[in-house]
file start_12.cif (mmCIF, C-alpha atoms and all ligand atoms)
data_entry
loop_
_atom_site.label_atom_id
_atom_site.label_comp_id
_atom_site.auth_asym_id
_atom_site.auth_seq_id
_atom_site.Cartn_x
_atom_site.Cartn_y
_atom_site.Cartn_z
CA MET A 630 97.42 81.52 125.13
CA LYS A 631 99.00 80.21 128.37
CA ILE A 632 101.67 77.61 127.58
CA MET A 633 103.20 75.06 129.92
CA VAL A 634 106.19 72.89 128.99
CA GLN A 635 106.80 69.75 131.04
CA LYS A 636 109.65 67.32 130.47
CA TYR A 637 109.49 63.81 131.92
CA GLY A 638 112.60 61.61 132.25
CA GLY A 639 113.01 57.89 131.61
CA THR A 640 111.93 56.62 135.04
CA SER A 641 108.79 58.79 134.88
CA VAL A 642 107.60 57.05 131.70
CA ALA A 643 108.94 53.55 132.43
CA GLY A 644 105.61 51.73 131.99
CA PRO A 645 101.84 52.19 131.55
CA ASP A 646 101.14 52.97 135.22
CA ARG A 647 103.84 55.62 135.37
CA MET A 648 102.64 57.12 132.11
CA ARG A 649 99.11 57.28 133.55
CA LYS A 650 100.49 59.20 136.52
CA VAL A 651 102.21 61.62 134.15
CA LEU A 652 98.99 61.98 132.18
CA SER A 653 97.04 62.94 135.28
CA ARG A 654 99.52 65.79 135.90
CA VAL A 655 99.27 66.89 132.30
CA ALA A 656 95.46 66.78 132.40
CA LYS A 657 95.55 69.05 135.48
CA GLY A 658 97.52 71.62 133.49
CA ILE A 659 94.98 71.49 130.68
CA GLU A 660 92.11 71.87 133.19
CA GLU A 661 93.87 74.98 134.53
CA GLY A 662 93.66 76.47 131.04
CA TYR A 663 97.18 75.77 129.78
CA LYS A 664 98.14 74.46 126.38
CA VAL A 665 100.67 71.80 127.30
CA ILE A 666 103.82 70.70 125.49
CA VAL A 667 105.15 67.49 127.00
CA VAL A 668 108.69 66.38 126.19
CA LEU A 669 109.42 62.72 126.86
CA SER A 670 112.60 60.69 127.26
CA ALA A 671 112.93 57.07 126.23
CA MET A 672 111.59 54.62 128.83
CA ALA A 673 114.24 53.93 131.53
CA GLY A 674 117.13 51.82 130.23
CA GLU A 675 116.03 51.91 126.56
CA THR A 676 118.76 54.26 125.29
CA ASN A 677 121.44 52.09 126.92
CA LYS A 678 119.85 48.98 125.40
CA LEU A 679 119.94 50.52 121.93
CA LEU A 680 123.58 51.58 122.32
CA THR A 681 124.51 48.04 123.40
CA LEU A 682 122.54 46.57 120.51
CA ALA A 683 124.49 48.66 118.00
CA LYS A 684 127.79 47.45 119.49
CA GLU A 685 126.65 43.84 119.09
CA PHE A 686 126.39 44.50 115.35
CA VAL A 687 129.58 46.50 114.72
CA ASP A 688 132.61 47.79 116.56
CA GLY A 689 132.54 51.59 116.51
CA PRO A 690 129.11 52.01 114.88
CA ASP A 691 128.61 54.74 112.29
CA PRO A 692 127.60 57.89 114.24
CA GLU A 693 124.85 58.94 111.80
CA GLU A 694 123.15 55.57 111.99
CA LEU A 695 123.71 55.35 115.74
CA ASP A 696 121.76 58.59 116.15
CA ALA A 697 119.01 57.26 113.88
CA LEU A 698 118.87 54.19 116.12
CA VAL A 699 118.96 55.75 119.61
CA ALA A 700 116.40 58.40 118.66
CA THR A 701 113.81 55.62 118.31
CA GLY A 702 113.62 55.23 122.12
CA GLU A 703 111.90 58.58 122.47
CA LYS A 704 109.58 57.85 119.53
CA VAL A 705 108.23 54.81 121.36
CA SER A 706 107.49 56.94 124.44
CA ILE A 707 105.65 59.69 122.57
CA ALA A 708 103.50 57.32 120.55
CA LEU A 709 102.46 55.28 123.60
CA PHE A 710 101.80 58.37 125.71
CA THR A 711 99.75 60.07 123.00
CA MET A 712 97.65 56.91 122.61
CA LEU A 713 96.90 57.05 126.33
CA ALA A 714 96.03 60.75 126.17
CA LYS A 715 93.73 60.32 123.18
CA SER A 716 92.02 57.35 124.83
CA GLN A 717 91.04 59.77 127.62
CA GLY A 718 89.59 62.27 125.19
CA ILE A 719 92.48 64.76 125.21
CA LYS A 720 93.12 66.53 121.91
CA ALA A 721 96.73 65.48 121.44
CA ARG A 722 99.33 64.59 118.82
CA SER A 723 102.87 63.27 118.94
CA LEU A 724 105.78 65.04 117.26
CA SER A 725 109.23 63.80 116.33
CA ALA A 726 111.89 66.49 116.01
CA TRP A 727 111.78 66.57 112.19
CA GLN A 728 108.06 67.30 112.23
CA ILE A 729 108.52 70.61 114.08
CA PRO A 730 111.42 70.91 113.06
CA ILE A 731 114.04 71.19 115.80
CA LEU A 732 117.01 72.01 113.58
CA THR A 733 120.45 71.08 114.93
CA THR A 734 124.08 70.98 113.88
CA SER A 735 125.33 67.72 112.37
CA ALA A 736 127.56 66.81 115.33
CA TYR A 737 126.06 63.36 115.80
CA MET A 738 125.65 62.24 119.43
CA LYS A 739 126.29 65.80 120.62
CA ALA A 740 124.32 68.01 118.24
CA ARG A 741 123.39 71.54 119.24
CA ILE A 742 119.99 73.09 118.64
CA VAL A 743 120.16 75.84 115.99
CA SER A 744 116.49 76.79 115.63
CA ILE A 745 112.96 75.69 116.46
CA ASP A 746 109.90 76.60 114.37
CA ASP A 747 107.92 78.27 117.13
CA LYS A 748 105.24 79.60 114.75
CA LYS A 749 104.36 76.10 113.62
CA LEU A 750 104.23 74.92 117.23
CA LYS A 751 101.96 77.77 118.23
CA ALA A 752 99.70 77.11 115.25
CA MET A 753 99.45 73.47 116.34
CA LEU A 754 98.64 74.57 119.87
CA GLU A 755 95.59 76.38 118.46
CA GLU A 756 94.35 73.03 117.25
CA TYR A 757 95.57 70.70 120.03
CA ASP A 758 95.56 70.96 123.83
CA LEU A 759 98.58 68.70 124.13
CA LEU A 760 101.67 68.26 121.96
CA VAL A 761 103.86 65.31 122.89
CA VAL A 762 107.40 65.92 121.64
CA ALA A 763 110.27 63.43 121.44
CA GLY A 764 113.14 64.66 123.59
CA PHE A 765 116.85 64.21 122.86
CA GLN A 766 116.49 64.33 119.07
CA GLY A 767 116.82 66.85 116.28
CA VAL A 768 117.22 66.99 112.54
CA ASP A 769 120.15 68.53 110.67
CA CYS A 770 120.07 70.61 107.48
CA ASN A 771 120.48 67.42 105.41
CA GLY A 772 117.34 65.94 106.93
CA ARG A 773 119.29 63.44 109.05
CA VAL A 774 118.25 62.53 112.58
CA THR A 775 120.64 63.79 115.27
CA THR A 776 120.77 63.47 119.06
CA LEU A 777 121.74 66.02 121.68
CA GLY A 778 123.97 63.97 123.99
CA ARG A 779 123.01 61.90 127.03
CA GLY A 780 120.34 63.59 129.10
CA GLY A 781 119.43 65.71 126.07
CA SER A 782 115.67 65.67 126.64
CA ASP A 783 116.19 68.31 129.33
CA THR A 784 117.60 70.55 126.62
CA THR A 785 114.68 69.84 124.29
CA GLY A 786 112.33 70.85 127.11
CA VAL A 787 114.01 74.13 127.99
CA ALA A 788 114.69 75.05 124.34
CA LEU A 789 111.00 74.53 123.48
CA ALA A 790 109.98 76.62 126.50
CA ALA A 791 112.32 79.40 125.33
CA ALA A 792 111.09 79.16 121.71
CA VAL A 793 107.36 79.41 122.51
CA LYS A 794 107.96 81.76 125.48
CA ALA A 795 106.20 79.35 127.80
CA ASP A 796 104.66 80.61 131.02
CA VAL A 797 105.82 77.51 132.91
CA CYS A 798 108.79 75.20 132.32
CA GLU A 799 109.02 72.12 134.53
CA ILE A 800 111.49 69.24 134.44
CA TYR A 801 110.03 66.16 136.12
CA THR A 802 112.42 63.48 137.35
CA ASP A 803 112.83 60.80 140.02
CA VAL A 804 114.09 63.02 142.88
CA ASP A 805 112.40 65.99 144.59
CA GLY A 806 114.59 68.65 142.99
CA VAL A 807 118.20 69.80 142.94
CA PHE A 808 120.02 68.72 146.09
CA THR A 809 123.26 69.81 147.72
CA THR A 810 124.67 66.59 146.29
CA ASP A 811 123.33 63.46 144.64
CA PRO A 812 120.73 62.19 147.17
CA ARG A 813 121.51 58.65 146.02
CA ILE A 814 125.06 59.00 147.34
CA SER A 815 124.44 60.98 150.50
CA SER A 816 121.30 60.56 152.56
CA ALA A 817 122.32 63.83 154.27
CA ALA A 818 121.80 65.74 150.97
CA ARG A 819 119.40 68.66 151.31
CA LYS A 820 116.97 69.88 148.67
CA LEU A 821 117.57 73.47 147.55
CA ASP A 822 114.52 75.72 147.08
CA ARG A 823 116.35 77.91 144.56
CA ILE A 824 119.65 77.76 142.71
CA SER A 825 121.19 80.29 140.33
CA TYR A 826 121.80 79.49 136.66
CA ASP A 827 125.56 79.84 137.21
CA GLU A 828 125.66 77.42 140.11
CA MET A 829 123.47 74.95 138.25
CA LEU A 830 125.72 75.30 135.19
CA GLU A 831 128.74 74.41 137.30
CA LEU A 832 126.98 71.50 139.02
CA ALA A 833 125.77 70.15 135.67
CA SER A 834 129.14 70.59 133.96
CA LEU A 835 130.81 68.83 136.88
CA GLY A 836 128.64 65.76 136.62
CA SER A 837 125.31 66.38 138.42
CA LYS A 838 123.16 64.81 135.77
CA VAL A 839 119.86 66.03 137.23
CA LEU A 840 119.93 68.60 134.38
CA GLN A 841 121.91 68.39 131.15
CA ILE A 842 124.30 71.35 131.00
CA ARG A 843 122.96 72.61 127.65
CA SER A 844 119.48 72.90 129.14
CA VAL A 845 120.86 75.26 131.79
CA GLU A 846 122.72 77.25 129.13
CA PHE A 847 119.43 77.73 127.28
CA ALA A 848 117.60 78.64 130.47
CA LYS A 849 120.21 81.26 131.33
CA LYS A 850 120.49 82.69 127.81
CA TYR A 851 116.74 83.10 127.34
CA ASN A 852 116.01 83.71 131.01
CA VAL A 853 113.64 80.77 131.41
CA PRO A 854 112.94 79.94 135.08
CA VAL A 855 113.02 76.15 135.31
CA ARG A 856 111.40 74.17 138.08
CA VAL A 857 112.93 70.73 138.73
CA ARG A 858 110.38 68.46 140.42
CA SER A 859 109.54 64.85 141.12
CA THR A 860 106.92 63.01 139.07
CA PHE A 861 106.14 60.93 142.14
CA THR A 862 105.54 63.54 144.89
CA ASP A 863 103.90 66.94 145.27
CA ASP A 864 107.06 68.65 146.47
CA PRO A 865 107.39 72.08 144.81
CA GLY A 866 110.95 71.19 143.78
CA THR A 867 113.80 73.58 143.02
CA LEU A 868 113.60 76.79 141.01
CA VAL A 869 116.61 77.33 138.75
CA THR A 870 116.68 81.06 138.11
CA GLN A 871 118.71 84.27 138.04
CA GLU A 872 121.02 84.93 140.93
CA ASP A 873 119.37 86.97 143.64
CA ARG A 874 121.50 86.88 146.75
CA ALA A 875 118.64 88.11 148.93
CA MET A 876 116.52 85.14 147.89
CA MET A 877 119.21 82.50 147.53
CA GLU A 878 120.25 80.46 150.50
CA ASP A 879 123.19 82.15 152.14
CA LEU A 880 125.70 79.41 151.59
CA VAL A 881 129.34 79.70 150.57
CA ILE A 882 129.08 76.26 148.98
CA SER A 883 125.76 75.27 147.43
CA GLY A 884 126.64 71.80 146.26
CA ILE A 885 129.07 68.94 145.79
CA ALA A 886 129.26 67.28 142.38
CA TYR A 887 131.05 64.20 141.14
CA ASP A 888 131.78 62.74 137.74
CA ARG A 889 132.97 59.21 137.09
CA ASP A 890 132.97 59.70 133.33
CA GLN A 891 136.39 61.28 132.96
CA ALA A 892 139.69 59.67 131.95
CA ARG A 893 143.14 61.11 132.63
CA VAL A 894 145.64 61.29 129.77
CA THR A 895 149.34 62.21 130.08
CA VAL A 896 151.62 63.02 127.17
CA HIS A 897 155.11 62.38 128.53
CA LYS A 898 158.20 64.35 127.70
CA VAL A 899 156.97 66.76 125.07
CA PRO A 900 159.40 69.56 124.15
CA ASP A 901 158.75 72.58 126.37
CA SER A 902 158.43 75.00 123.47
CA PRO A 903 155.82 77.36 122.00
CA GLY A 904 153.06 75.68 119.98
CA VAL A 905 153.09 72.28 121.71
CA ALA A 906 149.88 72.85 123.70
CA ALA A 907 148.28 74.37 120.60
CA SER A 908 149.14 71.25 118.55
CA ILE A 909 147.80 68.81 121.15
CA PHE A 910 144.60 70.61 122.09
CA GLY A 911 143.98 71.96 118.58
CA ALA A 912 143.95 68.41 117.18
CA ILE A 913 141.61 67.23 119.96
CA ALA A 914 139.27 70.23 119.61
CA GLU A 915 138.95 69.58 115.87
CA LYS A 916 137.12 66.36 116.79
CA ARG A 917 134.88 68.33 119.16
CA ILE A 918 136.20 66.50 122.22
CA LEU A 919 135.84 68.47 125.44
CA VAL A 920 139.08 68.64 127.37
CA ASP A 921 138.51 69.51 130.98
CA MET A 922 141.32 69.75 133.54
CA ILE A 923 144.75 70.57 132.10
CA ILE A 924 148.05 70.65 133.93
CA GLN A 925 151.55 71.18 132.56
CA ASN A 926 154.46 70.02 134.70
CA ALA A 927 157.55 72.12 135.37
CA SER A 928 160.15 71.81 132.63
CA ARG A 929 163.00 69.27 133.00
CA ASP A 930 165.80 69.04 130.41
CA GLY A 931 163.73 71.13 127.99
CA THR A 932 160.78 68.71 128.15
CA THR A 933 157.55 68.62 130.12
CA ASP A 934 154.51 66.36 130.78
CA MET A 935 151.07 67.49 129.70
CA THR A 936 148.18 65.95 131.67
CA PHE A 937 144.47 66.48 131.02
CA THR A 938 141.08 64.81 131.27
CA VAL A 939 138.54 63.89 128.58
CA PRO A 940 135.17 62.08 128.78
CA LYS A 941 135.70 58.31 128.94
CA ALA A 942 133.53 57.95 125.84
CA ASP A 943 136.06 60.04 123.89
CA LEU A 944 139.19 58.34 125.24
CA ASP A 945 139.81 55.97 122.30
CA GLN A 946 139.47 58.78 119.80
CA THR A 947 141.76 61.01 121.89
CA LEU A 948 144.44 58.29 122.05
CA ALA A 949 144.20 57.78 118.28
CA ILE A 950 144.65 61.52 117.69
CA LEU A 951 147.67 61.61 120.01
CA GLU A 952 149.19 58.57 118.37
CA GLY A 953 148.86 60.38 115.04
CA ILE A 954 150.65 63.54 116.19
CA GLN A 955 153.16 61.94 118.59
CA PRO A 956 156.06 61.69 116.09
CA LYS A 957 155.61 65.33 115.03
CA LEU A 958 155.34 66.42 118.69
CA GLY A 959 158.43 64.47 119.65
CA ALA A 960 156.66 63.12 122.75
CA LYS A 961 158.10 60.05 124.49
CA SER A 962 154.84 58.26 125.36
CA VAL A 963 151.12 58.65 126.03
CA LYS A 964 149.55 57.08 129.14
CA PHE A 965 145.99 57.05 130.41
CA ASP A 966 144.01 56.16 133.53
CA THR A 967 140.29 55.44 133.57
CA ASN A 968 140.04 54.73 137.32
CA VAL A 969 139.63 58.38 138.21
CA ALA A 970 136.74 60.64 139.18
CA LYS A 971 136.23 64.34 139.71
CA VAL A 972 134.79 65.77 142.91
CA SER A 973 133.89 69.44 142.99
CA VAL A 974 132.60 72.01 145.44
CA VAL A 975 130.43 74.71 143.86
CA GLY A 976 129.05 78.00 145.14
CA VAL A 977 128.71 81.62 144.05
CA GLY A 978 129.35 82.55 147.70
CA MET A 979 132.94 81.35 147.18
CA ARG A 980 133.70 84.61 145.34
CA ASN A 981 133.79 86.49 148.63
CA HIS A 982 135.36 83.82 150.81
CA SER A 983 138.95 82.72 151.14
CA GLY A 984 140.08 79.33 152.40
CA VAL A 985 137.56 77.17 150.51
CA ALA A 986 140.31 75.34 148.62
CA ALA A 987 142.25 74.74 151.84
CA SER A 988 139.13 73.34 153.56
CA MET A 989 138.49 71.05 150.62
CA PHE A 990 142.06 69.72 150.62
CA GLN A 991 141.96 69.21 154.41
CA ALA A 992 138.68 67.26 154.21
CA LEU A 993 140.13 64.96 151.54
CA CYS A 994 143.40 64.60 153.45
CA LYS A 995 141.47 63.58 156.59
CA GLU A 996 140.08 60.63 154.64
CA ASN A 997 143.53 59.88 153.24
CA ILE A 998 142.37 60.61 149.68
CA ASN A 999 145.14 61.60 147.29
CA ILE A 1000 144.55 64.49 144.87
CA LYS A 1001 145.80 63.86 141.34
CA LEU A 1002 144.78 67.14 139.62
CA ILE A 1003 143.22 70.40 140.74
CA ALA A 1004 141.21 72.96 138.74
CA THR A 1005 139.56 76.12 140.01
CA SER A 1006 137.25 78.84 138.79
CA GLU A 1007 135.61 81.76 140.55
CA ILE A 1008 132.80 79.57 141.82
CA LYS A 1009 134.15 76.00 141.89
CA ILE A 1010 137.10 73.87 142.95
CA THR A 1011 137.58 70.45 141.39
CA CYS A 1012 139.93 67.64 142.39
CA LEU A 1013 140.64 64.51 140.41
CA ILE A 1014 140.90 61.50 142.71
CA ASP A 1015 140.94 57.71 142.59
CA GLU A 1016 137.48 56.56 141.45
CA LYS A 1017 137.07 54.13 144.33
CA TYR A 1018 137.02 57.00 146.84
CA VAL A 1019 134.41 59.13 145.11
CA GLU A 1020 131.47 58.39 147.41
CA LEU A 1021 133.60 58.79 150.51
CA ALA A 1022 134.92 62.11 149.18
CA VAL A 1023 131.42 63.42 148.37
CA ARG A 1024 130.15 62.59 151.86
CA ALA A 1025 133.24 64.02 153.59
CA LEU A 1026 133.00 67.29 151.64
CA HIS A 1027 129.25 67.53 152.20
CA THR A 1028 129.87 67.36 155.96
CA ALA A 1029 133.00 69.55 155.92
CA PHE A 1030 131.11 72.40 154.25
CA GLY A 1031 128.15 72.17 156.65
CA LEU A 1032 125.67 70.98 154.03
CA ASP A 1033 124.29 67.93 155.85
CA LYS A 1034 120.58 68.16 156.68
CA THR A 1035 121.17 68.02 160.43
CA GLN A 1036 123.99 70.58 160.30
CA ALA A 1037 121.91 73.04 158.25
CA ALA A 1038 118.97 72.69 160.66
CA ALA A 1039 121.28 73.52 163.59
CA CYS A 1040 122.52 76.79 161.96
P1 LIG A 1101 115.77 61.65 134.27
O1 LIG A 1101 115.74 60.28 133.69
O2 LIG A 1101 114.49 62.04 134.94
O3 LIG A 1101 116.26 62.69 133.30
P2 LIG A 1101 118.39 61.54 135.49
O4 LIG A 1101 118.81 60.19 135.96
O5 LIG A 1101 118.95 62.04 134.22
O6 LIG A 1101 116.80 61.58 135.47
O7 LIG A 1101 118.69 62.64 136.62
C1 LIG A 1101 118.18 62.48 137.91
C2 LIG A 1101 119.26 61.89 138.81
O8 LIG A 1101 120.31 62.86 138.99
C3 LIG A 1101 118.82 61.59 140.21
O9 LIG A 1101 118.22 60.31 140.29
C4 LIG A 1101 120.11 61.70 141.02
O10 LIG A 1101 120.67 60.44 141.30
C5 LIG A 1101 121.06 62.44 140.09
N1 LIG A 1101 121.71 63.61 140.71
C6 LIG A 1101 123.05 63.89 140.68
N2 LIG A 1101 123.33 65.00 141.35
C7 LIG A 1101 122.15 65.49 141.82
C8 LIG A 1101 121.80 66.63 142.59
N3 LIG A 1101 122.71 67.54 143.01
N4 LIG A 1101 120.48 66.83 142.90
C9 LIG A 1101 119.54 65.94 142.47
N5 LIG A 1101 119.83 64.83 141.74
C10 LIG A 1101 121.11 64.59 141.41
N1 LIG A 1102 117.10 58.99 126.44
C1 LIG A 1102 118.28 59.85 126.43
C2 LIG A 1102 119.31 59.35 127.43
O1 LIG A 1102 119.10 58.32 128.06
C3 LIG A 1102 117.93 61.28 126.65
C4 LIG A 1102 117.33 61.62 128.01
O2 LIG A 1102 116.91 60.73 128.73
O3 LIG A 1102 117.29 62.81 128.33
O4 LIG A 1102 120.35 59.95 127.56
MG MG A 1103 118.20 63.14 132.64
#

call {"tool": "encode", "arguments": {"input": "start_12.cif", "output": "structure tokens", "more": "lines below"}}
Ligand code: ADP
Ligand code: ASP
Ligand code: MG
result
Amino acid sequence: MKIMVQKYGGTSVAGPDRMRKVLSRVAKGIEEGYKVIVVLSAMAGETNKLLTLAKEFVDGPDPEELDALVATGEKVSIALFTMLAKSQGIKARSLSAWQIPILTTSAYMKARIVSIDDKKLKAMLEEYDLLVVAGFQGVDCNGRVTTLGRGGSDTTGVALAAAVKADVCEIYTDVDGVFTTDPRISSAARKLDRISYDEMLELASLGSKVLQIRSVEFAKKYNVPVRVRSTFTDDPGTLVTQEDRAMMEDLVISGIAYDRDQARVTVHKVPDSPGVAASIFGAIAEKRILVDMIIQNASRDGTTDMTFTVPKADLDQTLAILEGIQPKLGAKSVKFDTNVAKVSVVGVGMRNHSGVAASMFQALCKENINIKLIATSEIKITCLIDEKYVELAVRALHTAFGLDKTQAAAC
């Protein structure tokens, strides 16, 4: 049995005409002899609408019920799409996560997939040519609906492809593939033909929402080549796959990412003694909040400042945790700033090149952009800057590292 998994994002299923376009692609796959599993997102804007609706009812809605609510967006998409498919004579059925099941942890709003019943899926594929699966959602061991975090349908798609050992795994979206930076910010962005899992992991973790980071983790772990393509064009898109320097484009920097979703938190004047960092970050980790950049200032009078970033969505909870432990820590105050953004340069080629950080700092300096925090890894450099300069910074770095379309053509 040849199996193809295709995931379509919110803009691709935003109305009947778009769904018909998707269906014609799916039908082509079936004609070519594939059994097709389609994973759908909620129609564009629906998840946001549901989140806003919940907040109109209660402040700080219960996470279990919030997941039950937001998961309905994807159920609407699969039911409507399956109706269309059946009306055209395709043997199809829709599947919510609990019907497979896609078993997840109980971390509501950011659940992780634990297992997928691949045997049941394959048995269903004997009977049907098309299975239409709700993205983004799962079910925990107590039978409660969970969701996988924003953009989670990508992860459903890749995880299903890994589970059934699909021959083809495609993620359809509203741009032609993975670009050197967000094509909506820089018209000079260039589409990449291939990108390694590691580079894509960095780009995704640094804010390039074209793929959810967990989907790339799955792809890498189970070695699933993923093709990112547009629903609206015939461009072959970008292949996300294992690193193969001979095949990859020979670039030191493969992309520029940005993330406006971070907030900076500073704990002022904590005692500079063993165990302080463990107390702060241990308490935050217990609530499964992802701390990103961390910097500890030099010690003055036996005290220091601890600065770090967390997702904006987790800021209130982080401040509440810090308020709780502040007396025990002996910290003077806690301050935060939400008008910040991260810009990052990413590339496996950086491993063998010196001076990337210096070039990045020079490019930002040339635009008079102040750097608030810096973090580095083997294949990325990230700077935290004022949010209002993020687009300027992305464009300046894209040019400085020779990624602009016209520059690349001249090389
Ligand atoms: P979908 O609803 O199809 O899942 P998303 O909005 O989640 O689509 O992701 C696609 C968007 O990701 C694009 O419209 C683009 O603005 C953004 N994006 C950010 N960085 C990149 C990048 N490096 N390459 C391509 N798209 C990117
Ligand atoms: N509908 C969800 C979201 O908007 C999941 C997804 O689109 O991948 O985040
Ligand atoms: Mg998405």

call {"tool": "residues_near_ligand", "arguments": {"input": "start_12.cif", "ligand": "ligand MG 1103 (chain A)", "cutoff": "8 Å", "atoms": "all atoms listed in the file", "output": "ChimeraX atom specification"}}
result
/A:638-639,779-783,802,838-841

call {"tool": "closest_residue", "arguments": {"input": "start_12.cif", "among": "A:Ala1029, A:Ser716, A:Glu694, A:Asp803", "to": "Arg647 (chain A)", "atoms": "all atoms listed in the file"}}
result
A:Asp803

call {"tool": "atom_distance", "arguments": {"input": "start_12.cif", "atom1": "CA of Gln925 (chain A)", "atom2": "CA of Lys941 (chain A)"}}
result
20.7 Å

call {"tool": "closest_residue", "arguments": {"input": "start_12.cif", "among": "A:Leu832, A:Met738, A:Met633, A:Ala960", "to": "Arg917 (chain A)", "atoms": "only C-alpha atoms"}}
result
A:Met738

call {"tool": "residues_around", "arguments": {"input": "start_12.cif", "residues": "Val797 (chain A)", "least_positions_apart": "2", "cutoff": "9 Å", "atoms": "only C-alpha atoms", "output": "mmCIF file with C-alpha atoms, in the frame of the given file"}}
result
data_model
loop_
_atom_site.group_PDB
_atom_site.id
_atom_site.type_symbol
_atom_site.label_atom_id
_atom_site.label_comp_id
_atom_site.auth_asym_id
_atom_site.auth_seq_id
_atom_site.Cartn_x
_atom_site.Cartn_y
_atom_site.Cartn_z
ATOM 1 C CA LYS A 631 99.000 80.210 128.370
ATOM 2 C CA ILE A 632 101.670 77.610 127.580
ATOM 3 C CA MET A 633 103.200 75.060 129.920
ATOM 4 C CA VAL A 634 106.190 72.890 128.990
ATOM 5 C CA GLN A 635 106.800 69.750 131.040
ATOM 6 C CA ALA A 790 109.980 76.620 126.500
ATOM 7 C CA LYS A 794 107.960 81.760 125.480
ATOM 8 C CA ALA A 795 106.200 79.350 127.800
ATOM 9 C CA GLU A 799 109.020 72.120 134.530
ATOM 10 C CA VAL A 853 113.640 80.770 131.410
ATOM 11 C CA PRO A 854 112.940 79.940 135.080
ATOM 12 C CA VAL A 855 113.020 76.150 135.310
ATOM 13 C CA ARG A 856 111.400 74.170 138.080
#

call {"tool": "closest_atom_pairs", "arguments": {"input": "start_12.cif", "of": "chain A", "to": "ligand LIG 1101 (chain A)", "cutoff": "10 Å", "atoms": "all atoms listed in the file", "output": "Markdown table"}}
result
| residue | atom | partner | partner_atom | distance |
| --- | --- | --- | --- | --- |
| A:Lys636 | CA | A:LIG1101 | O2 | 8.4 |
| A:Tyr637 | CA | A:LIG1101 | O2 | 6.1 |
| A:Gly638 | CA | A:LIG1101 | O2 | 3.3 |
| A:Gly639 | CA | A:LIG1101 | O1 | 4.2 |
| A:Thr640 | CA | A:LIG1101 | O1 | 5.5 |
| A:Ser641 | CA | A:LIG1101 | O2 | 6.6 |
| A:Val642 | CA | A:LIG1101 | O1 | 9.0 |
| A:Ala643 | CA | A:LIG1101 | O1 | 9.6 |
| A:Leu669 | CA | A:LIG1101 | O3 | 9.4 |
| A:Ser670 | CA | A:LIG1101 | O1 | 7.2 |
| A:Ala671 | CA | A:LIG1101 | O1 | 8.6 |
| A:Met672 | CA | A:LIG1101 | O1 | 8.5 |
| A:Ala673 | CA | A:LIG1101 | O1 | 6.9 |
| A:Gly674 | CA | A:LIG1101 | O1 | 9.2 |
| A:Arg779 | CA | A:LIG1101 | O5 | 8.3 |
| A:Gly780 | CA | A:LIG1101 | O5 | 5.5 |
| A:Gly781 | CA | A:LIG1101 | O3 | 8.5 |
| A:Ser782 | CA | A:LIG1101 | O3 | 7.3 |
| A:Asp783 | CA | A:LIG1101 | O3 | 6.9 |
| A:Ile800 | CA | A:LIG1101 | O2 | 7.8 |
| A:Tyr801 | CA | A:LIG1101 | O2 | 6.2 |
| A:Thr802 | CA | A:LIG1101 | O2 | 3.5 |
| A:Asp803 | CA | A:LIG1101 | O9 | 5.4 |
| A:Val804 | CA | A:LIG1101 | O9 | 5.6 |
| A:Asp805 | CA | A:LIG1101 | C9 | 7.4 |
| A:Gly806 | CA | A:LIG1101 | C9 | 5.7 |
| A:Val807 | CA | A:LIG1101 | N4 | 3.7 |
| A:Phe808 | CA | A:LIG1101 | N4 | 3.7 |
| A:Thr809 | CA | A:LIG1101 | N3 | 5.3 |
| A:Thr810 | CA | A:LIG1101 | N3 | 3.9 |
| A:Asp811 | CA | A:LIG1101 | N2 | 3.6 |
| A:Pro812 | CA | A:LIG1101 | N5 | 6.1 |
| A:Arg813 | CA | A:LIG1101 | O10 | 5.1 |
| A:Ile814 | CA | A:LIG1101 | O10 | 7.6 |
| A:Ser815 | CA | A:LIG1101 | O10 | 10.0 |
| A:Ala818 | CA | A:LIG1101 | N3 | 8.2 |
| A:Arg819 | CA | A:LIG1101 | N4 | 8.7 |
| A:Lys820 | CA | A:LIG1101 | N4 | 7.4 |
| A:Leu821 | CA | A:LIG1101 | N4 | 8.6 |
| A:Met829 | CA | A:LIG1101 | N3 | 8.8 |
| A:Leu832 | CA | A:LIG1101 | N3 | 7.1 |
| A:Ala833 | CA | A:LIG1101 | N2 | 8.0 |
| A:Leu835 | CA | A:LIG1101 | N2 | 9.5 |
| A:Gly836 | CA | A:LIG1101 | N2 | 7.2 |
| A:Ser837 | CA | A:LIG1101 | N2 | 3.8 |
| A:Lys838 | CA | A:LIG1101 | O8 | 4.7 |
| A:Val839 | CA | A:LIG1101 | O7 | 3.6 |
| A:Leu840 | CA | A:LIG1101 | O7 | 6.5 |
| A:Gln841 | CA | A:LIG1101 | O5 | 7.6 |
| A:Val857 | CA | A:LIG1101 | C9 | 9.0 |
| A:Arg858 | CA | A:LIG1101 | O2 | 9.4 |
| A:Ser859 | CA | A:LIG1101 | O2 | 8.4 |
| A:Thr860 | CA | A:LIG1101 | O2 | 8.7 |
| A:Thr867 | CA | A:LIG1101 | N4 | 9.5 |
| A:Ser883 | CA | A:LIG1101 | N3 | 9.4 |
| A:Gly884 | CA | A:LIG1101 | N3 | 6.6 |
| A:Ile885 | CA | A:LIG1101 | N3 | 7.1 |
| A:Ala886 | CA | A:LIG1101 | N2 | 6.4 |
| A:Tyr887 | CA | A:LIG1101 | N2 | 7.8 |
| A:Asp888 | CA | A:LIG1101 | C6 | 9.3 |

call {"tool": "decode", "arguments": {"input": "start_12.cif", "residues": "region 906-911 of chain A", "atoms": "C-alpha atoms", "output": "short mmCIF file (atom, residue, chain, number, x, y, z; two decimals), in the first residue's frame"}}
result
data_model
loop_
_atom_site.label_atom_id
_atom_site.label_comp_id
_atom_site.auth_asym_id
_atom_site.auth_seq_id
_atom_site.Cartn_x
_atom_site.Cartn_y
_atom_site.Cartn_z
CA ALA A 906 19.35 29.96 39.46
CA ALA A 907 18.11 26.48 40.36
CA SER A 908 15.31 27.96 42.51
CA ILE A 909 14.18 30.44 39.84
CA PHE A 910 14.32 28.18 36.81
CA GLY A 911 13.25 25.05 38.72
#
